[in-house]
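Below: coords-v1.txt (compact mmCIF, C-alpha atoms)
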```txt
# COMPACT_ATOMS: atom_id res chain seq x y z
CA ALA V 25 -157.63 40.01 112.39
CA GLY V 26 -160.05 38.87 115.06
CA PRO V 27 -163.05 36.60 114.80
CA ALA V 28 -166.13 37.80 113.04
CA HIS V 29 -168.36 37.60 116.07
CA PRO V 30 -172.10 37.24 115.51
CA VAL V 31 -173.99 40.48 115.08
CA ARG V 32 -175.51 41.80 118.32
CA LEU V 33 -178.50 44.03 117.79
CA MET V 34 -180.44 46.08 120.27
CA PRO V 35 -184.25 46.09 120.09
CA ARG V 36 -184.11 49.49 118.39
CA GLY V 37 -181.89 48.03 115.64
CA ILE V 38 -184.26 45.12 115.19
CA LEU V 39 -187.20 47.48 114.74
CA GLN V 40 -185.25 49.66 112.32
CA THR V 41 -184.36 46.64 110.21
CA LEU V 42 -187.97 45.50 110.28
CA ALA V 43 -189.08 48.98 109.21
CA ARG V 44 -186.79 48.83 106.17
CA ASN V 45 -188.16 45.43 105.18
CA GLY V 46 -191.87 45.91 104.51
CA GLY V 47 -192.35 42.21 103.86
CA GLY V 48 -191.05 41.50 107.34
CA TYR V 49 -194.15 43.09 108.89
CA LEU V 50 -196.46 40.99 106.76
CA GLY V 51 -194.45 37.82 107.29
CA ALA V 52 -194.27 38.27 111.06
CA LEU V 53 -198.01 38.94 111.19
CA ILE V 54 -198.84 35.83 109.16
CA VAL V 55 -196.57 33.62 111.25
CA LEU V 56 -197.84 35.00 114.56
CA VAL V 57 -201.47 34.54 113.49
CA ASN V 58 -200.74 30.96 112.41
CA VAL V 59 -198.99 30.14 115.66
CA ALA V 60 -201.77 31.72 117.73
CA VAL V 61 -204.47 29.86 115.79
CA ALA V 62 -202.61 26.56 116.14
CA VAL V 63 -202.09 26.98 119.89
CA LEU V 64 -205.65 28.15 120.53
CA ALA V 65 -207.32 25.73 118.10
CA PRO V 66 -209.67 24.19 120.70
CA ALA V 67 -210.92 27.65 121.67
CA VAL V 68 -211.17 29.33 118.25
CA ALA V 69 -212.42 26.48 116.07
CA PRO V 70 -216.22 26.89 115.74
CA HIS V 71 -216.87 23.13 115.36
CA ASP V 72 -215.28 19.79 116.05
CA PRO V 73 -213.17 19.09 112.92
CA LEU V 74 -214.26 15.44 112.94
CA ASP V 75 -218.03 16.00 113.26
CA GLN V 76 -219.87 14.78 110.17
CA ASP V 77 -223.29 15.87 108.97
CA ILE V 78 -224.14 14.37 105.60
CA ALA V 79 -227.31 16.46 105.40
CA ARG V 80 -225.10 19.59 105.24
CA ARG V 81 -222.43 18.27 102.90
CA LEU V 82 -220.80 20.52 100.31
CA LEU V 83 -222.31 23.72 101.69
CA PRO V 84 -220.70 26.74 99.99
CA PRO V 85 -219.07 29.58 101.98
CA SER V 86 -221.51 31.66 103.99
CA TRP V 87 -221.42 34.66 101.60
CA LEU V 88 -222.61 32.56 98.62
CA ALA V 89 -226.14 31.44 97.86
CA GLY V 90 -226.96 28.33 99.86
CA GLY V 91 -224.28 29.02 102.43
CA SER V 92 -224.78 28.91 106.17
CA PRO V 93 -223.49 31.42 108.73
CA GLU V 94 -222.62 28.43 110.94
CA HIS V 95 -220.01 27.36 108.39
CA LEU V 96 -218.12 30.44 107.22
CA LEU V 97 -215.97 28.60 104.68
CA GLY V 98 -218.50 25.91 103.87
CA THR V 99 -218.41 22.16 104.48
CA ASP V 100 -216.70 19.22 102.76
CA GLN V 101 -218.08 16.07 101.20
CA LEU V 102 -218.81 14.59 104.64
CA GLY V 103 -220.39 17.72 106.07
CA ARG V 104 -217.36 18.68 108.16
CA ASP V 105 -216.67 22.35 108.78
CA ILE V 106 -213.78 23.49 106.58
CA LEU V 107 -212.73 26.41 108.78
CA SER V 108 -212.42 24.16 111.82
CA ARG V 109 -210.43 21.60 109.88
CA MET V 110 -208.10 24.29 108.58
CA ILE V 111 -207.53 25.62 112.09
CA TRP V 112 -206.68 22.18 113.44
CA GLY V 113 -204.67 21.42 110.31
CA SER V 114 -202.42 24.39 111.07
CA ARG V 115 -201.26 22.51 114.17
CA VAL V 116 -200.14 19.57 112.08
CA SER V 117 -198.32 21.61 109.43
CA LEU V 118 -196.53 23.94 111.83
CA LEU V 119 -195.61 21.21 114.31
CA ILE V 120 -194.22 18.86 111.69
CA GLY V 121 -192.34 21.71 109.98
CA LEU V 122 -190.75 22.95 113.20
CA LEU V 123 -189.92 19.50 114.61
CA SER V 124 -188.32 18.43 111.35
CA VAL V 125 -186.03 21.44 111.38
CA LEU V 126 -185.25 21.13 115.10
CA ILE V 127 -184.13 17.54 114.59
CA SER V 128 -182.23 17.93 111.31
CA LEU V 129 -180.47 21.19 112.21
CA PRO V 130 -178.24 19.98 115.10
CA VAL V 131 -177.44 16.75 113.25
CA GLY V 132 -176.42 18.59 110.09
CA VAL V 133 -174.50 21.31 111.92
CA ALA V 134 -172.57 18.75 113.99
CA ALA V 135 -171.71 16.73 110.88
CA GLY V 136 -170.59 19.80 108.94
CA LEU V 137 -168.63 21.22 111.86
CA VAL V 138 -166.66 18.03 112.46
CA SER V 139 -166.24 17.35 108.74
CA GLY V 140 -164.95 20.81 107.90
CA TYR V 141 -162.67 21.04 110.93
CA PHE V 142 -160.94 17.67 110.74
CA ARG V 143 -161.20 17.18 106.95
CA GLY V 144 -159.39 14.11 105.64
CA ARG V 145 -161.13 10.76 105.48
CA LEU V 146 -163.92 11.81 107.82
CA ASP V 147 -164.77 14.73 105.54
CA ASP V 148 -164.80 12.42 102.53
CA VAL V 149 -167.18 9.96 104.18
CA VAL V 150 -169.64 12.62 105.39
CA MET V 151 -169.71 14.47 102.08
CA ARG V 152 -170.08 11.29 100.02
CA VAL V 153 -173.06 10.26 102.14
CA ALA V 154 -174.53 13.72 101.56
CA ASP V 155 -173.85 13.49 97.80
CA VAL V 156 -175.53 10.10 97.55
CA GLN V 157 -178.60 11.41 99.36
CA LEU V 158 -178.74 14.50 97.15
CA ALA V 159 -178.55 12.29 94.07
CA PHE V 160 -182.08 11.06 94.78
CA PRO V 161 -185.06 13.41 94.38
CA PHE V 162 -186.13 14.07 97.96
CA ILE V 163 -189.84 13.66 97.36
CA LEU V 164 -189.21 10.24 95.75
CA LEU V 165 -187.01 9.22 98.67
CA ALA V 166 -189.66 10.40 101.14
CA ILE V 167 -192.40 8.48 99.34
CA THR V 168 -190.28 5.32 99.41
CA ILE V 169 -189.46 5.58 103.11
CA ALA V 170 -193.05 6.49 104.00
CA GLY V 171 -194.25 3.46 102.06
CA VAL V 172 -191.90 1.22 104.07
CA LEU V 173 -192.36 2.74 107.54
CA GLY V 174 -196.02 3.56 107.13
CA PRO V 175 -197.71 6.97 107.16
CA SER V 176 -197.89 8.68 110.55
CA PRO V 177 -196.94 12.11 111.93
CA ARG V 178 -193.92 10.66 113.75
CA ASN V 179 -192.61 8.92 110.64
CA ILE V 180 -193.15 12.03 108.54
CA VAL V 181 -191.07 14.10 110.97
CA LEU V 182 -188.28 11.51 110.87
CA ILE V 183 -188.39 11.33 107.07
CA LEU V 184 -188.21 15.11 106.65
CA ALA V 185 -185.46 15.40 109.27
CA ALA V 186 -183.46 12.63 107.58
CA GLY V 187 -183.62 14.52 104.31
CA GLY V 188 -183.00 17.98 105.75
CA TRP V 189 -179.68 17.50 107.54
CA VAL V 190 -177.67 17.65 104.28
CA VAL V 191 -178.34 21.36 103.75
CA TYR V 192 -177.00 22.30 107.17
CA ALA V 193 -174.03 19.95 106.88
CA ARG V 194 -172.85 21.38 103.57
CA LEU V 195 -173.45 24.98 104.65
CA THR V 196 -171.63 24.53 107.97
CA ARG V 197 -168.73 22.68 106.34
CA GLY V 198 -168.22 25.47 103.82
CA GLN V 199 -168.19 28.10 106.56
CA VAL V 200 -165.82 26.08 108.75
CA LEU V 201 -163.35 25.53 105.90
CA GLY V 202 -163.04 29.30 105.58
CA LEU V 203 -162.65 29.86 109.32
CA ARG V 204 -160.32 27.08 110.44
CA GLU V 205 -157.22 28.81 109.01
CA LYS V 206 -158.06 32.26 110.39
CA GLU V 207 -155.62 33.96 112.75
CA PHE V 208 -157.90 33.83 115.80
CA VAL V 209 -158.34 30.06 115.36
CA GLU V 210 -154.59 29.55 114.94
CA ALA V 211 -153.96 31.65 118.03
CA ALA V 212 -156.41 29.61 120.11
CA ARG V 213 -154.83 26.40 118.85
CA ALA V 214 -151.36 27.69 119.70
CA LEU V 215 -152.51 28.43 123.24
CA GLY V 216 -153.34 24.76 123.66
CA LEU V 217 -157.11 24.92 123.34
CA GLY V 218 -158.55 21.50 122.54
CA HIS V 219 -160.46 20.64 119.40
CA MET V 220 -163.91 20.55 120.97
CA PRO V 221 -163.66 23.85 122.91
CA LEU V 222 -162.14 25.49 119.84
CA MET V 223 -164.98 24.36 117.60
CA LEU V 224 -167.72 25.28 120.08
CA ARG V 225 -166.33 28.58 121.39
CA HIS V 226 -164.61 30.11 118.37
CA ILE V 227 -165.88 28.53 115.16
CA LEU V 228 -169.51 27.62 115.79
CA PRO V 229 -170.62 31.14 116.93
CA ASN V 230 -169.30 32.50 113.63
CA VAL V 231 -171.40 30.18 111.48
CA VAL V 232 -174.68 30.56 113.36
CA THR V 233 -176.01 33.50 111.34
CA PRO V 234 -176.41 31.79 107.93
CA ILE V 235 -177.67 28.64 109.65
CA ILE V 236 -180.51 30.57 111.33
CA VAL V 237 -181.55 32.11 108.02
CA VAL V 238 -181.48 28.78 106.16
CA ALA V 239 -183.39 27.08 108.99
CA THR V 240 -186.16 29.66 108.67
CA PHE V 241 -186.56 28.98 104.96
CA SER V 242 -186.41 25.24 105.68
CA VAL V 243 -189.52 25.46 107.86
CA ALA V 244 -191.46 26.65 104.81
CA GLN V 245 -189.99 23.85 102.71
CA MET V 246 -190.93 21.23 105.31
CA ILE V 247 -194.52 22.52 105.42
CA LEU V 248 -194.72 22.13 101.64
CA LEU V 249 -193.23 18.63 101.75
CA GLU V 250 -195.59 17.52 104.51
CA SER V 251 -198.54 18.83 102.51
CA SER V 252 -197.27 17.01 99.42
CA LEU V 253 -196.95 13.71 101.27
CA SER V 254 -200.38 14.13 102.85
CA PHE V 255 -201.84 14.94 99.43
CA LEU V 256 -200.38 11.67 98.12
CA GLY V 257 -201.83 9.72 101.04
CA LEU V 258 -198.41 9.09 102.65
CA GLY V 259 -198.56 11.77 105.31
CA VAL V 260 -201.02 12.45 108.10
CA GLN V 261 -203.86 9.98 107.78
CA PRO V 262 -207.62 10.64 108.03
CA PRO V 263 -209.54 11.58 110.01
CA THR V 264 -206.79 13.84 111.43
CA PRO V 265 -207.14 17.15 109.55
CA SER V 266 -204.17 18.38 107.53
CA TRP V 267 -203.95 20.92 104.75
CA GLY V 268 -202.46 18.44 102.29
CA GLY V 269 -205.11 15.88 103.15
CA MET V 270 -207.85 18.44 102.60
CA LEU V 271 -206.42 19.20 99.16
CA SER V 272 -206.46 15.50 98.36
CA ASP V 273 -210.05 15.12 99.55
CA GLY V 274 -211.22 18.07 97.48
CA ARG V 275 -209.57 17.27 94.15
CA GLY V 276 -212.49 15.11 93.09
CA TYR V 277 -214.93 17.96 93.73
CA ILE V 278 -213.00 20.87 92.20
CA THR V 279 -215.64 21.48 89.53
CA VAL V 280 -218.61 21.45 91.91
CA ALA V 281 -217.12 22.62 95.22
CA TRP V 282 -214.09 24.81 94.54
CA TRP V 283 -213.83 25.86 98.19
CA LEU V 284 -212.68 22.39 99.25
CA MET V 285 -209.27 22.97 97.65
CA THR V 286 -209.08 26.75 97.45
CA PHE V 287 -209.00 27.54 101.16
CA PRO V 288 -206.47 24.88 102.25
CA GLY V 289 -204.30 25.80 99.26
CA ALA V 290 -204.48 29.48 100.23
CA ALA V 291 -203.50 28.57 103.81
CA ILE V 292 -200.41 26.69 102.61
CA MET V 293 -199.45 29.53 100.25
CA LEU V 294 -199.83 32.27 102.86
CA THR V 295 -197.99 30.33 105.55
CA VAL V 296 -195.04 29.54 103.28
CA LEU V 297 -195.01 33.13 102.03
CA GLY V 298 -195.04 34.47 105.59
CA VAL V 299 -192.17 32.22 106.69
CA ASN V 300 -190.13 33.25 103.64
CA PHE V 301 -190.75 36.93 104.41
CA VAL V 302 -189.50 36.34 107.95
CA GLY V 303 -186.44 34.60 106.51
CA ASP V 304 -185.71 37.62 104.30
CA TRP V 305 -186.03 39.89 107.33
CA LEU V 306 -183.68 37.71 109.40
CA ARG V 307 -181.15 37.80 106.58
CA ASP V 308 -181.25 41.61 106.59
CA LEU V 309 -181.12 41.65 110.38
CA LEU V 310 -178.20 39.27 110.84
CA ASP V 311 -176.02 40.06 107.83
CA PRO V 312 -173.43 42.64 108.98
CA ARG V 313 -172.88 43.78 105.40
CA LEU V 314 -176.51 44.95 105.27
CA GLN V 315 -176.35 46.73 108.62
CA SER V 316 -174.36 49.60 107.17
CA ILE V 317 -176.70 50.16 104.23
```
Can the structure in the file be given as structure tokens, please?
Amino acid sequence: AGPAHPVRLMPRGILQTLARNGGGYLGALIVLVNVAVAVLAPAVAPHDPLDQDIARRLLPPSWLAGGSPEHLLGTDQLGRDILSRMIWGSRVSLLIGLLSVLISLPVGVAAGLVSGYFRGRLDDVVMRVADVQLAFPFILLAITIAGVLGPSPRNIVLILAAGGWVVYARLTRGQVLGLREKEFVEAARALGLGHMPLMLRHILPNVVTPIIVVATFSVAQMILLESSLSFLGLGVQPPTPSWGGMLSDGRGYITVAWWLMTFPGAAIMLTVLGVNFVGDWLRDLLDPRLQSI
């Protein structure tokens, strides 16, 4: 039996898979809109997110009594435009989520690949480190590290990346353990292929598919974790706008200005939902067992 090479799909197959997964359309649309808004924030934001106007504080959304057409989603307790802060906050959430995954993914994949291939003492060490890290609730570990290093976007990325590598390591190791004894791997080894070329050319391409799907879902998880840390005051610090920070600022006004928390919370929910829909679509797209259905 030969290697289970990664699925290769033509554009027509991609569109057919997307057509079968209705949520994929919605998810792709949400993600694309978020990315476009984040990239074009200086052009699309109606106001400077840091501008304060106490005389216009706590204005309701424009469609409610007392609202202003200049502030479509209202203003916060310092008179800052909520829509503009949400637009700029999308940059923070998406950037931290993507960077965290881009850093943790190669580290975790490399650790799992080497651990599963060589096994033995190296495998024991890597997996015990992963088990110890998983024994601690991640949010508690993140709060502790953020308290020691100090809250900043760079530190948040490093904290999330340090906690995210375990998922990729365990997933990759499990896949490699099932592949290392396959006939095509034994044949390549018998032909004298070295360990590194064998891992990179024959084993790694066959474990990429589940890693891509898990990485997509991890972006949503990282966005939630960044928002949680910012809500607790251990993430992105004021006056830089972030969705979690906006939730934290608005919790004291929930009974008198519901829009302060509702709109940032809706942005987090929709973004995470969109990324998860894209992950479901990628699973359908890349899983060969679903291609024949």
Fewer than 5 positions away in the same chain doesn't count, so skip those; otherwise give me all residues within 8 Å of region 141-147 of chain V, counting only C-alpha atoms, as a PyMOL selection string.
chain V and resi 197+200-201+204+223
Nearest residue to Thr233 (chain V) out of V:Ala290, V:Leu310, V:Val296, V:Ser176, using all atoms listed in the file?
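Among the listed residues, V:Leu310 lies closest to Thr233 (chain V).
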Neighbour list for region 157-163 of chain V as a PDB file with C-alpha atoms, in the frame of the given file, cut-off 8 Å, only C-alpha atoms, skip fewer than 5 positions in-chain:
```pdb
ATOM      1  CA  GLY V 187    -183.620  14.520 104.310  1.00  0.00           C
ATOM      2  CA  VAL V 190    -177.670  17.650 104.280  1.00  0.00           C
ATOM      3  CA  LEU V 249    -193.230  18.630 101.750  1.00  0.00           C
TER       4      LEU V 249
END
```
Taking (-185.0, 10.6, 113.9) as a centre in this file's frame and 12 Å as the limit, can you find every polymer residue with an atom that close, using all atoms listed in the file, and give them as a PyMOL selection string?
chain V and resi 123-131+178-189
Between CA of Gly90 (chain V) and CA of Gly103 (chain V), what distance in Å does the model show, to one decimal?
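Spanning CA of Gly90 (chain V) to CA of Gly103 (chain V) is a straight-line distance of 13.9 Å.
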In terms of the shortest atom-to-atom distance over all atoms listed in the file, which of V:Ser139, V:Ser108, V:Ser117, V:Thr99 is closest to Val68 (chain V)?
V:Ser108
Local residues around (-213.4, 23.6, 114.5), at most 10 Å away, using only C-alpha atoms, as a count of residues only:
22
Emit as AutoDock Vina command-line options the padded axis-aligned box for all listed atoms of region 121-140 of chain V, 6 Å per side, with centre and edge lengths in Å to one decimal.
```
--center_x -178.6 --center_y 19.8 --center_z 111.5 --size_x 39.4 --size_y 18.2 --size_z 19.2
```
Enter the distance from CA of Ile227 (chain V) to CA of Ala244 (chain V), in Å, rounded to one decimal.
27.7 Å
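CA of Ile247 (chain V) is found 12.0 Å from CA of Gly298 (chain V).
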Residue nearest Asn58 (chain V) among V:Leu294, V:Ser252, V:Gly171, V:Val191 (counting all atoms listed in the file)
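Nearest candidate to Asn58 (chain V) out of V:Leu294, V:Ser252, V:Gly171, V:Val191: V:Leu294.
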